[in-house]
>>> print(open('work.txt').read())   # compact mmCIF, C-alpha atoms
# COMPACT_ATOMS: atom_id res chain seq x y z
CA MET A 1049 -16.37 17.98 -1.46
CA LYS A 1050 -14.42 18.72 1.68
CA THR A 1051 -11.11 16.90 1.33
CA ALA A 1052 -8.35 16.13 3.82
CA VAL A 1053 -4.98 15.25 2.30
CA ILE A 1054 -2.94 13.35 4.88
CA GLN A 1055 0.76 14.20 5.05
CA PHE A 1056 3.35 11.82 6.46
CA PRO A 1057 7.08 12.44 6.62
CA GLY A 1058 8.14 11.38 3.13
CA SER A 1059 4.81 11.99 1.35
CA ASN A 1060 5.71 13.63 -1.96
CA CYS A 1061 2.51 13.66 -3.99
CA ASP A 1062 0.64 15.61 -1.33
CA THR A 1063 0.67 18.89 -3.27
CA ASP A 1064 -0.53 17.17 -6.46
CA ALA A 1065 -3.31 15.55 -4.44
CA LEU A 1066 -4.33 18.87 -2.92
CA GLU A 1067 -4.25 20.67 -6.28
CA ALA A 1068 -6.30 17.97 -8.00
CA ALA A 1069 -8.87 18.05 -5.19
CA LYS A 1070 -9.03 21.85 -5.33
CA LEU A 1071 -9.37 21.84 -9.12
CA LEU A 1072 -12.00 19.14 -9.36
CA LEU A 1073 -13.77 18.96 -6.01
CA ASP A 1074 -14.78 22.59 -5.54
CA GLY A 1075 -11.66 23.89 -3.85
CA ASP A 1076 -12.30 22.84 -0.28
CA ALA A 1077 -9.14 20.83 0.42
CA GLN A 1078 -6.55 21.04 3.15
CA PHE A 1079 -3.51 19.20 4.45
CA VAL A 1080 -3.71 17.21 7.68
CA TRP A 1081 -0.47 16.27 9.44
CA HIS A 1082 -0.12 12.64 10.52
CA THR A 1083 0.20 13.46 14.22
CA GLU A 1084 -3.34 14.86 14.32
CA THR A 1085 -5.91 12.63 15.97
CA GLU A 1086 -9.01 14.08 14.32
CA LEU A 1087 -10.02 14.95 10.78
CA PRO A 1088 -11.29 18.48 10.12
CA GLU A 1089 -15.01 18.83 10.91
CA GLY A 1090 -17.13 17.82 7.95
CA THR A 1091 -14.43 15.94 6.02
CA GLU A 1092 -16.03 13.97 3.19
CA LEU A 1093 -12.98 12.62 1.40
CA VAL A 1094 -9.68 11.52 2.93
CA PHE A 1095 -6.93 11.47 0.31
CA ILE A 1096 -3.83 9.50 1.27
CA PRO A 1097 -1.22 10.60 -1.25
CA GLY A 1098 1.77 8.89 -2.79
CA GLY A 1099 5.37 9.13 -1.72
CA PHE A 1100 7.78 7.26 0.47
CA SER A 1101 6.34 7.67 3.95
CA TYR A 1102 9.02 6.99 6.54
CA GLY A 1103 11.45 6.19 3.75
CA ASP A 1104 9.59 2.92 3.05
CA HIS A 1105 11.36 1.54 6.13
CA LEU A 1106 10.21 -1.83 7.47
CA ARG A 1107 7.60 -2.16 4.66
CA SER A 1108 6.06 0.48 2.38
CA GLY A 1109 3.30 2.22 4.27
CA ALA A 1110 3.77 0.13 7.42
CA ILE A 1111 4.75 2.91 9.80
CA ALA A 1112 2.39 5.51 8.33
CA ALA A 1113 -0.48 3.04 8.72
CA ARG A 1114 0.13 3.07 12.47
CA SER A 1115 0.38 6.84 12.91
CA PRO A 1116 -2.11 8.77 15.10
CA ILE A 1117 -4.34 10.15 12.31
CA MET A 1118 -5.05 6.67 10.94
CA LYS A 1119 -7.44 5.86 13.78
CA ALA A 1120 -9.59 8.78 12.65
CA VAL A 1121 -9.26 7.68 9.01
CA GLY A 1122 -10.40 4.18 10.02
CA ALA A 1123 -13.41 5.60 11.86
CA HIS A 1124 -14.23 7.81 8.85
CA ALA A 1125 -14.14 4.75 6.57
CA GLU A 1126 -16.15 2.70 9.04
CA ALA A 1127 -18.85 5.41 9.00
CA GLY A 1128 -19.02 5.20 5.20
CA GLY A 1129 -16.83 8.23 4.47
CA TYR A 1130 -14.76 8.22 1.29
CA VAL A 1131 -11.08 7.33 1.40
CA LEU A 1132 -8.80 7.44 -1.65
CA GLY A 1133 -5.29 6.01 -1.35
CA VAL A 1134 -2.93 6.43 -4.27
CA CYS A 1135 0.38 4.59 -4.64
CA ASN A 1136 1.97 4.82 -1.18
CA GLY A 1137 -1.56 5.67 -0.03
CA PHE A 1138 -2.74 2.27 -1.32
CA GLN A 1139 0.13 0.62 0.55
CA VAL A 1140 -0.87 2.51 3.71
CA LEU A 1141 -4.50 1.37 3.35
CA THR A 1142 -3.54 -2.31 3.03
CA GLU A 1143 -1.14 -2.04 5.97
CA ALA A 1144 -3.89 -0.37 8.00
CA GLY A 1145 -6.28 -3.21 7.17
CA LEU A 1146 -8.74 -0.89 5.41
CA LEU A 1147 -8.17 -2.83 2.19
CA PRO A 1148 -7.27 -6.52 1.83
CA GLY A 1149 -3.98 -7.86 0.48
CA ALA A 1150 -0.51 -6.36 0.31
CA LEU A 1151 1.82 -4.64 -2.16
CA SER A 1152 5.22 -6.25 -2.60
CA ARG A 1153 8.32 -5.64 -4.72
CA ASN A 1154 7.76 -5.36 -8.44
CA ARG A 1155 8.34 -8.69 -10.14
CA ASP A 1156 11.40 -7.37 -12.02
CA LEU A 1157 12.77 -5.34 -9.05
CA HIS A 1158 12.67 -2.16 -11.17
CA PHE A 1159 11.06 1.11 -10.19
CA HIS A 1160 8.51 1.78 -12.92
CA CYS A 1161 7.77 5.38 -13.80
CA ALA A 1162 5.67 5.58 -16.96
CA PRO A 1163 2.17 6.19 -18.28
CA VAL A 1164 0.22 2.91 -18.32
CA HIS A 1165 -3.10 1.84 -19.74
CA LEU A 1166 -5.81 0.77 -17.34
CA VAL A 1167 -9.08 -0.94 -18.07
CA VAL A 1168 -12.02 0.32 -16.03
CA GLU A 1169 -13.43 -2.96 -14.75
CA ASN A 1170 -16.21 -1.58 -12.60
CA ALA A 1171 -17.77 1.74 -13.57
CA ASP A 1172 -20.39 1.47 -10.87
CA THR A 1173 -18.39 2.71 -7.87
CA ALA A 1174 -18.26 6.13 -6.26
CA PHE A 1175 -14.74 6.49 -7.71
CA SER A 1176 -15.36 5.30 -11.25
CA ARG A 1177 -18.90 6.18 -12.32
CA ALA A 1178 -17.65 8.94 -14.63
CA TYR A 1179 -16.00 6.24 -16.77
CA ASP A 1180 -17.55 3.55 -18.92
CA LYS A 1181 -17.07 -0.11 -18.12
CA GLY A 1182 -14.26 -1.44 -20.29
CA GLN A 1183 -12.93 2.04 -21.05
CA VAL A 1184 -9.16 2.20 -21.42
CA ILE A 1185 -7.52 5.16 -19.71
CA GLU A 1186 -3.92 6.37 -19.53
CA ILE A 1187 -2.60 7.24 -16.08
CA PRO A 1188 1.02 7.30 -14.87
CA ILE A 1189 2.53 4.88 -12.36
CA ALA A 1190 5.65 5.52 -10.28
CA HIS A 1191 6.42 2.70 -7.87
CA GLY A 1192 8.84 -0.03 -6.91
CA GLU A 1193 6.41 -2.00 -4.77
CA GLY A 1194 3.12 -2.25 -6.58
CA ASN A 1195 2.87 -5.99 -6.96
CA TYR A 1196 -0.57 -6.71 -5.54
CA TYR A 1197 -0.86 -9.93 -3.61
CA ALA A 1198 -3.68 -11.55 -1.66
CA ASP A 1199 -4.53 -15.19 -0.99
CA ALA A 1200 -6.63 -17.04 -3.55
CA GLU A 1201 -9.82 -16.75 -1.48
CA THR A 1202 -9.46 -12.96 -1.20
CA ILE A 1203 -8.72 -12.58 -4.91
CA GLY A 1204 -11.76 -14.71 -5.69
CA ARG A 1205 -13.93 -12.54 -3.49
CA LEU A 1206 -12.61 -9.30 -5.02
CA GLU A 1207 -13.41 -10.64 -8.48
CA THR A 1208 -16.88 -12.01 -7.77
CA GLU A 1209 -17.90 -8.90 -5.83
CA GLY A 1210 -16.73 -6.58 -8.61
CA ARG A 1211 -14.23 -4.89 -6.34
CA VAL A 1212 -11.43 -4.78 -8.89
CA VAL A 1213 -12.03 -1.26 -10.22
CA PHE A 1214 -8.95 -0.83 -12.42
CA ARG A 1215 -6.84 -3.48 -14.14
CA TYR A 1216 -3.52 -3.03 -15.99
CA LYS A 1217 -3.70 -3.66 -19.71
CA ASP A 1218 -0.01 -4.66 -19.67
CA ASN A 1219 0.92 -5.74 -16.17
CA PRO A 1220 4.03 -3.73 -15.17
CA ASN A 1221 4.71 -5.23 -11.75
CA GLY A 1222 3.43 -8.78 -11.40
CA SER A 1223 0.16 -7.93 -9.62
CA LEU A 1224 -2.17 -10.89 -9.32
CA ASN A 1225 -4.99 -10.73 -11.90
CA ASP A 1226 -3.39 -7.50 -13.25
CA ILE A 1227 -4.97 -5.64 -10.34
CA ALA A 1228 -4.26 -1.89 -10.29
CA GLY A 1229 -7.01 -0.68 -7.98
CA ILE A 1230 -9.60 -2.15 -5.62
CA VAL A 1231 -12.39 -1.00 -3.33
CA ASN A 1232 -13.36 -2.24 0.11
CA GLU A 1233 -16.55 -4.17 0.76
CA GLY A 1234 -18.56 -0.99 1.31
CA GLY A 1235 -17.24 0.58 -1.89
CA ASN A 1236 -16.20 3.76 -0.05
CA VAL A 1237 -12.44 3.07 0.15
CA LEU A 1238 -10.38 2.90 -3.05
CA GLY A 1239 -6.70 2.03 -3.28
CA MET A 1240 -4.84 2.25 -6.57
CA MET A 1241 -1.18 2.29 -7.58
CA PRO A 1242 -1.55 4.59 -10.64
CA HIS A 1243 -1.74 8.33 -9.99
CA PRO A 1244 -5.02 9.90 -11.17
CA GLU A 1245 -4.01 13.22 -9.57
CA ARG A 1246 -1.08 13.40 -12.00
CA ALA A 1247 -3.42 13.09 -14.97
CA VAL A 1248 -5.93 15.89 -14.52
CA GLU A 1249 -4.74 18.38 -17.15
CA LEU A 1250 -3.57 17.91 -20.72
CA LEU A 1251 -0.50 19.96 -19.82
CA LEU A 1252 0.49 16.99 -17.64
CA GLY A 1253 0.15 14.57 -20.55
CA SER A 1254 -3.26 13.12 -19.78
CA GLU A 1255 -6.51 14.12 -18.19
CA ASP A 1256 -7.83 10.59 -17.90
CA GLY A 1257 -7.47 10.74 -14.12
CA ARG A 1258 -10.16 13.41 -13.82
CA GLY A 1259 -12.83 10.73 -13.86
CA VAL A 1260 -11.91 9.56 -10.36
CA PHE A 1261 -12.60 13.03 -8.97
CA GLU A 1262 -15.58 13.71 -11.21
CA SER A 1263 -17.10 10.44 -10.04
CA LEU A 1264 -16.74 11.53 -6.41
CA LYS A 1265 -18.14 14.96 -7.15
CA ALA A 1266 -21.17 13.47 -8.87
CA LYS A 1267 -22.05 11.77 -5.58
CA MET B 703 13.98 -5.03 36.03
CA PRO B 704 15.08 -7.99 33.91
CA GLN B 705 16.47 -7.17 30.47
CA TYR B 706 15.83 -9.29 27.41
CA ASN B 707 17.26 -9.39 23.93
CA ALA B 708 15.06 -10.43 21.02
CA LYS B 709 16.19 -11.60 17.62
CA VAL B 710 13.40 -11.50 15.03
CA TYR B 711 13.54 -13.20 11.63
CA VAL B 712 11.03 -12.12 8.99
CA THR B 713 10.82 -14.09 5.74
CA LEU B 714 8.50 -14.04 2.76
CA LYS B 715 5.98 -16.88 2.83
CA PRO B 716 7.07 -19.78 0.61
CA SER B 717 4.16 -19.06 -1.75
CA ILE B 718 5.37 -15.49 -2.40
CA LEU B 719 7.78 -14.86 -5.24
CA ASP B 720 11.06 -13.40 -3.97
CA PRO B 721 12.56 -11.48 -6.92
CA GLN B 722 15.58 -10.42 -4.83
CA GLY B 723 16.35 -14.00 -3.90
CA ARG B 724 16.05 -15.09 -7.51
CA THR B 725 18.38 -12.34 -8.69
CA VAL B 726 20.98 -13.37 -6.12
CA GLU B 727 20.52 -17.00 -7.05
CA ARG B 728 21.17 -16.22 -10.72
CA ALA B 729 24.24 -14.15 -9.81
CA LEU B 730 25.61 -17.05 -7.75
CA SER B 731 25.03 -19.38 -10.66
CA HIS B 732 27.04 -17.01 -12.89
CA LEU B 733 29.82 -17.20 -10.30
CA ASN B 734 29.93 -20.96 -10.84
CA HIS B 735 27.92 -21.84 -7.75
CA GLU B 736 25.59 -23.99 -9.81
CA ASN B 737 24.68 -26.17 -6.84
CA VAL B 738 22.99 -23.26 -4.98
CA GLY B 739 19.20 -23.02 -5.08
CA SER B 740 16.18 -21.65 -3.22
CA VAL B 741 17.79 -18.36 -2.19
CA ARG B 742 15.31 -16.38 -0.10
CA ILE B 743 15.99 -12.95 1.34
CA GLY B 744 14.42 -11.80 4.58
CA LYS B 745 14.95 -9.39 7.45
CA TYR B 746 16.71 -9.73 10.75
CA ILE B 747 15.71 -7.35 13.55
CA GLU B 748 17.20 -7.06 17.04
CA LEU B 749 15.58 -5.32 19.95
CA ASN B 750 15.91 -5.09 23.72
CA LEU B 751 12.99 -5.20 26.11
CA SER B 752 12.79 -4.77 29.86
CA GLY B 753 10.13 -6.28 32.09
CA GLU B 754 8.86 -9.51 33.54
CA LYS B 755 9.35 -12.50 31.29
CA ALA B 756 5.72 -13.47 30.65
CA GLU B 757 4.78 -9.88 29.86
CA VAL B 758 7.78 -9.36 27.61
CA GLU B 759 7.00 -12.58 25.74
CA ALA B 760 3.41 -11.50 25.08
CA GLN B 761 4.53 -8.00 24.12
CA LEU B 762 7.13 -9.32 21.68
CA LYS B 763 4.58 -11.63 20.02
CA ASP B 764 2.27 -8.63 19.56
CA ILE B 765 5.08 -6.45 18.16
CA VAL B 766 6.27 -9.12 15.74
CA GLU B 767 2.83 -10.12 14.49
CA ASN B 768 1.31 -6.65 14.28
CA VAL B 769 4.18 -4.35 13.38
CA LEU B 770 7.42 -6.05 12.37
CA SER B 771 5.83 -8.48 9.92
CA ASN B 772 2.84 -8.46 7.60
CA PRO B 773 1.17 -11.87 8.02
CA ILE B 774 -0.41 -11.58 4.57
CA MET B 775 2.94 -12.16 2.90
CA GLU B 776 5.49 -12.82 5.61
CA ASP B 777 6.31 -15.43 8.25
CA ALA B 778 8.13 -14.45 11.40
CA ARG B 779 9.92 -16.26 14.20
CA TRP B 780 11.85 -14.95 17.15
CA GLU B 781 14.23 -15.86 19.93
CA LEU B 782 14.14 -14.18 23.33
CA THR B 783 17.11 -14.40 25.65
CA GLU B 784 17.94 -12.75 28.95
CA ALA B 785 20.44 -9.96 28.34
>>> encode(input="work.txt", output="structure tokens")
Amino acid sequence: MKTAVIQFPGSNCDTDALEAAKLLLDGDAQFVWHTETELPEGTELVFIPGGFSYGDHLRSGAIAARSPIMKAVGAHAEAGGYVLGVCNGFQVLTEAGLLPGALSRNRDLHFHCAPVHLVVENADTAFSRAYDKGQVIEIPIAHGEGNYYADAETIGRLETEGRVVFRYKDNPNGSLNDIAGIVNEGGNVLGMMPHPERAVELLLGSEDGRGVFESLKAK
Amino acid sequence: MPQYNAKVYVTLKPSILDPQGRTVERALSHLNHENVGSVRIGKYIELNLSGEKAEVEAQLKDIVENVLSNPIMEDARWELTEA
């Protein structure tokens, strides 16, 4: 699956994202710098990696969401192309309006860096079909602003439409409804705070993140 | 061309928990300021703009609502004065 990993100044999980895509999505993955205005021809998956784009200035992901490449990412999503945003990538996707809601400061103000348990709430998406519904997986988080917020109507819609894909077993950050990852209405854009690309080999402590990539590959 | 100075105030919506504000509020209470409550922390941004007033006003509204604040969780207000 041809993958474009977007790099912003301050991205720091870009290499992990590229390596995971190469390992699990048949090797065809490349970096794309944020000043580009077009994705490489034939891109199937856009991976927006974690990090601290623009030093988290103004709001996490706010400036990256308005960089030149994001217009092309928006068009890719609009056309039904797959977009995966992890951690800062999730923040970028909400700031860009490709996913609803916003990520704010963790409830306890601490930066949380630890493996967490997630419940797979919807195993019928392009990003989660390799898992079973209700399966508990262990994937690391590393964020200070992962507290998912949206108004009550939006949360209600996410829940009734089955768009909450991953939920924290023990909520680390105050996210409403323990939300760890959601998809857009079309099901082709996933944002999640935990890092599946950091959990793709047992050497890294867990390989529970492989399912996200294996799901995409099974498409 | 006329020059303007804008002062922009961005605050979390009242419905959003402000953990920073609460931490400061608790610290103040420990410093014997027990009568202090509802501490909320926001952002203050200054910028200068040049242009005709009506255009600058519209531009500033666009900048504040679409870049400087996130309307999902923040409120923003601004003051524009001739520099």
>>> interface_residues(input="work.txt", of="chain B", to="chain A", cutoff="12 Å", atoms="only C-alpha atoms", output="MDAnalysis selection string")
chainID B and resid 712 714:715 717:726 744:747 766 768:776
>>> atom_distance(input="work.txt", atom1="CA of Val1094 in chain A", atom2="CA of Glu1126 in chain A")
12.5 Å
>>> atom_distance(input="work.txt", atom1="CA of Phe1159 in chain A", atom2="CA of Arg742 in chain B")
20.6 Å
>>> residues_near_point(input="work.txt", point="(0.0, 7.2, -1.8)", cutoff="6 Å", atoms="all atoms listed in the file", output="short mmCIF file (atom, residue, chain, number, x, y, z; two decimals) with C-alpha atoms, keeping the file's coordinate frame")
data_model
loop_
_atom_site.label_atom_id
_atom_site.label_comp_id
_atom_site.auth_asym_id
_atom_site.auth_seq_id
_atom_site.Cartn_x
_atom_site.Cartn_y
_atom_site.Cartn_z
CA ILE A 1096 -3.83 9.50 1.27
CA PRO A 1097 -1.22 10.60 -1.25
CA GLY A 1098 1.77 8.89 -2.79
CA GLY A 1099 5.37 9.13 -1.72
CA GLY A 1133 -5.29 6.01 -1.35
CA VAL A 1134 -2.93 6.43 -4.27
CA CYS A 1135 0.38 4.59 -4.64
CA ASN A 1136 1.97 4.82 -1.18
CA GLY A 1137 -1.56 5.67 -0.03
CA PHE A 1138 -2.74 2.27 -1.32
#
>>> residues_around(input="work.txt", residues="Asp1172 in chain A", least_positions_apart="6", cutoff="12 Å", atoms="all atoms listed in the file", output="MDAnalysis selection string")
chainID A and resid 1178:1182 1209:1214 1231 1235:1236 1260 1263:1264 1267
>>> residues_around(input="work.txt", residues="Leu1066 in chain A", least_positions_apart="3", cutoff="8 Å", atoms="all atoms listed in the file", output="VMD selection string")
chain A and resid 1053 1062 to 1063 1069 to 1070 1077 to 1079
>>> residues_around(input="work.txt", residues="range 704-711 of chain B", least_positions_apart="4", cutoff="8 Å", atoms="all atoms listed in the file", output="MDAnalysis selection string")
chainID B and resid 744:755 766 778:785
>>> atom_distance(input="work.txt", atom1="CA of Leu1166 in chain A", atom2="CA of Asp1104 in chain A")
25.6 Å
>>> residues_near_point(input="work.txt", point="(-6.6, 1.1, -20.2)", cutoff="6 Å", atoms="only C-alpha atoms", output="MDAnalysis selection string")
chainID A and resid 1165:1167 1184:1186 1217
>>> residues_around(input="work.txt", residues="Asn1219 in chain A", least_positions_apart="6", cutoff="9 Å", atoms="all atoms listed in the file", output="JSON, numbers by chain")
{"A": [1164, 1225, 1226, 1227, 1228]}
>>> closest_residue(input="work.txt", among="B:Pro716, B:Lys763, B:Asp777, B:Val741", to="Arg728 in chain B", atoms="all atoms listed in the file")
B:Val741
>>> decode(input="work.txt", residues="range 1233-1245 of chain A", atoms="all heavy atoms", output="PDB file, in the first residue's frame")
ATOM      1  N   GLU A1233     -16.767  10.301   9.095  1.00  0.00           N
ATOM      2  CA  GLU A1233     -18.042   9.742   8.656  1.00  0.00           C
ATOM      3  C   GLU A1233     -17.853   8.658   7.592  1.00  0.00           C
ATOM      4  O   GLU A1233     -18.535   7.635   7.593  1.00  0.00           O
ATOM      5  CB  GLU A1233     -18.906  10.875   8.089  1.00  0.00           C
ATOM      6  CG  GLU A1233     -20.348  10.764   8.476  1.00  0.00           C
ATOM      7  CD  GLU A1233     -21.117  12.027   8.109  1.00  0.00           C
ATOM      8  OE1 GLU A1233     -20.486  13.092   7.924  1.00  0.00           O
ATOM      9  OE2 GLU A1233     -22.346  11.913   7.987  1.00  0.00           O
ATOM     10  N   GLY A1234     -16.899   8.877   6.701  1.00  0.00           N
ATOM     11  CA  GLY A1234     -16.671   7.919   5.621  1.00  0.00           C
ATOM     12  C   GLY A1234     -15.878   6.693   6.057  1.00  0.00           C
ATOM     13  O   GLY A1234     -15.741   5.734   5.290  1.00  0.00           O
ATOM     14  N   GLY A1235     -15.326   6.744   7.265  1.00  0.00           N
ATOM     15  CA  GLY A1235     -14.551   5.606   7.770  1.00  0.00           C
ATOM     16  C   GLY A1235     -13.167   5.474   7.158  1.00  0.00           C
ATOM     17  O   GLY A1235     -12.471   4.490   7.384  1.00  0.00           O
ATOM     18  N   ASN A1236     -12.725   6.481   6.410  1.00  0.00           N
ATOM     19  CA  ASN A1236     -11.413   6.391   5.746  1.00  0.00           C
ATOM     20  C   ASN A1236     -10.342   7.244   6.427  1.00  0.00           C
ATOM     21  O   ASN A1236      -9.187   7.256   5.994  1.00  0.00           O
ATOM     22  CB  ASN A1236     -11.532   6.773   4.262  1.00  0.00           C
ATOM     23  CG  ASN A1236     -12.076   8.175   4.068  1.00  0.00           C
ATOM     24  OD1 ASN A1236     -13.081   8.551   4.678  1.00  0.00           O
ATOM     25  ND2 ASN A1236     -11.427   8.981   3.247  1.00  0.00           N
ATOM     26  N   VAL A1237     -10.728   7.992   7.467  1.00  0.00           N
ATOM     27  CA  VAL A1237      -9.763   8.806   8.212  1.00  0.00           C
ATOM     28  C   VAL A1237      -9.815   8.394   9.677  1.00  0.00           C
ATOM     29  O   VAL A1237     -10.876   8.463  10.303  1.00  0.00           O
ATOM     30  CB  VAL A1237     -10.084  10.319   8.092  1.00  0.00           C
ATOM     31  CG1 VAL A1237      -9.098  11.147   8.904  1.00  0.00           C
ATOM     32  CG2 VAL A1237     -10.078  10.760   6.632  1.00  0.00           C
ATOM     33  N   LEU A1238      -8.680   7.928  10.205  1.00  0.00           N
ATOM     34  CA  LEU A1238      -8.616   7.529  11.616  1.00  0.00           C
ATOM     35  C   LEU A1238      -7.636   8.429  12.355  1.00  0.00           C
ATOM     36  O   LEU A1238      -6.523   8.664  11.880  1.00  0.00           O
ATOM     37  CB  LEU A1238      -8.137   6.077  11.759  1.00  0.00           C
ATOM     38  CG  LEU A1238      -7.813   5.605  13.188  1.00  0.00           C
ATOM     39  CD1 LEU A1238      -9.075   5.327  13.995  1.00  0.00           C
ATOM     40  CD2 LEU A1238      -6.938   4.358  13.202  1.00  0.00           C
ATOM     41  N   GLY A1239      -8.057   8.923  13.510  1.00  0.00           N
ATOM     42  CA  GLY A1239      -7.143   9.636  14.402  1.00  0.00           C
ATOM     43  C   GLY A1239      -7.110   8.905  15.722  1.00  0.00           C
ATOM     44  O   GLY A1239      -8.153   8.488  16.228  1.00  0.00           O
ATOM     45  N   MET A1240      -5.921   8.699  16.264  1.00  0.00           N
ATOM     46  CA  MET A1240      -5.802   8.040  17.559  1.00  0.00           C
ATOM     47  C   MET A1240      -4.589   8.583  18.309  1.00  0.00           C
ATOM     48  O   MET A1240      -3.575   8.911  17.706  1.00  0.00           O
ATOM     49  CB  MET A1240      -5.723   6.515  17.404  1.00  0.00           C
ATOM     50  CG  MET A1240      -4.527   5.997  16.615  1.00  0.00           C
ATOM     51  SD  MET A1240      -4.655   4.212  16.252  1.00  0.00           S
ATOM     52  CE  MET A1240      -4.527   3.503  17.905  1.00  0.00           C
ATOM     53  N   MET A1241      -4.727   8.733  19.623  1.00  0.00           N
ATOM     54  CA  MET A1241      -3.593   9.210  20.415  1.00  0.00           C
ATOM     55  C   MET A1241      -2.547   8.127  20.646  1.00  0.00           C
ATOM     56  O   MET A1241      -1.349   8.406  20.583  1.00  0.00           O
ATOM     57  CB  MET A1241      -4.061   9.808  21.757  1.00  0.00           C
ATOM     58  CG  MET A1241      -4.816  11.130  21.660  1.00  0.00           C
ATOM     59  SD  MET A1241      -3.991  12.398  20.657  1.00  0.00           S
ATOM     60  CE  MET A1241      -2.504  12.697  21.603  1.00  0.00           C
ATOM     61  N   PRO A1242      -2.915   6.875  20.926  1.00  0.00           N
ATOM     62  CA  PRO A1242      -1.883   5.838  21.112  1.00  0.00           C
ATOM     63  C   PRO A1242      -1.116   5.563  19.813  1.00  0.00           C
ATOM     64  O   PRO A1242      -1.612   5.844  18.723  1.00  0.00           O
ATOM     65  CB  PRO A1242      -2.699   4.611  21.535  1.00  0.00           C
ATOM     66  CG  PRO A1242      -3.987   5.165  22.058  1.00  0.00           C
ATOM     67  CD  PRO A1242      -4.260   6.359  21.214  1.00  0.00           C
ATOM     68  N   HIS A1243       0.078   5.025  19.972  1.00  0.00           N
ATOM     69  CA  HIS A1243       1.016   4.850  18.851  1.00  0.00           C
ATOM     70  C   HIS A1243       1.084   3.407  18.356  1.00  0.00           C
ATOM     71  O   HIS A1243       1.950   2.656  18.823  1.00  0.00           O
ATOM     72  CB  HIS A1243       2.423   5.251  19.302  1.00  0.00           C
ATOM     73  CG  HIS A1243       2.620   6.715  19.501  1.00  0.00           C
ATOM     74  ND1 HIS A1243       3.012   7.552  18.473  1.00  0.00           N
ATOM     75  CD2 HIS A1243       2.476   7.492  20.594  1.00  0.00           C
ATOM     76  CE1 HIS A1243       3.116   8.798  18.937  1.00  0.00           C
ATOM     77  NE2 HIS A1243       2.790   8.789  20.214  1.00  0.00           N
ATOM     78  N   PRO A1244       0.276   3.009  17.389  1.00  0.00           N
ATOM     79  CA  PRO A1244       0.378   1.628  16.905  1.00  0.00           C
ATOM     80  C   PRO A1244       1.728   1.343  16.244  1.00  0.00           C
ATOM     81  O   PRO A1244       2.220   0.217  16.295  1.00  0.00           O
ATOM     82  CB  PRO A1244      -0.769   1.520  15.891  1.00  0.00           C
ATOM     83  CG  PRO A1244      -1.084   2.912  15.487  1.00  0.00           C
ATOM     84  CD  PRO A1244      -0.761   3.769  16.678  1.00  0.00           C
ATOM     85  N   GLU A1245       2.337   2.376  15.654  1.00  0.00           N
ATOM     86  CA  GLU A1245       3.618   2.165  14.946  1.00  0.00           C
ATOM     87  C   GLU A1245       4.760   1.876  15.926  1.00  0.00           C
ATOM     88  O   GLU A1245       5.822   1.432  15.519  1.00  0.00           O
ATOM     89  CB  GLU A1245       3.948   3.383  14.062  1.00  0.00           C
ATOM     90  CG  GLU A1245       4.575   4.582  14.753  1.00  0.00           C
ATOM     91  CD  GLU A1245       3.607   5.402  15.601  1.00  0.00           C
ATOM     92  OE1 GLU A1245       2.415   5.030  15.695  1.00  0.00           O
ATOM     93  OE2 GLU A1245       4.043   6.417  16.182  1.00  0.00           O
TER      94      GLU A1245
END
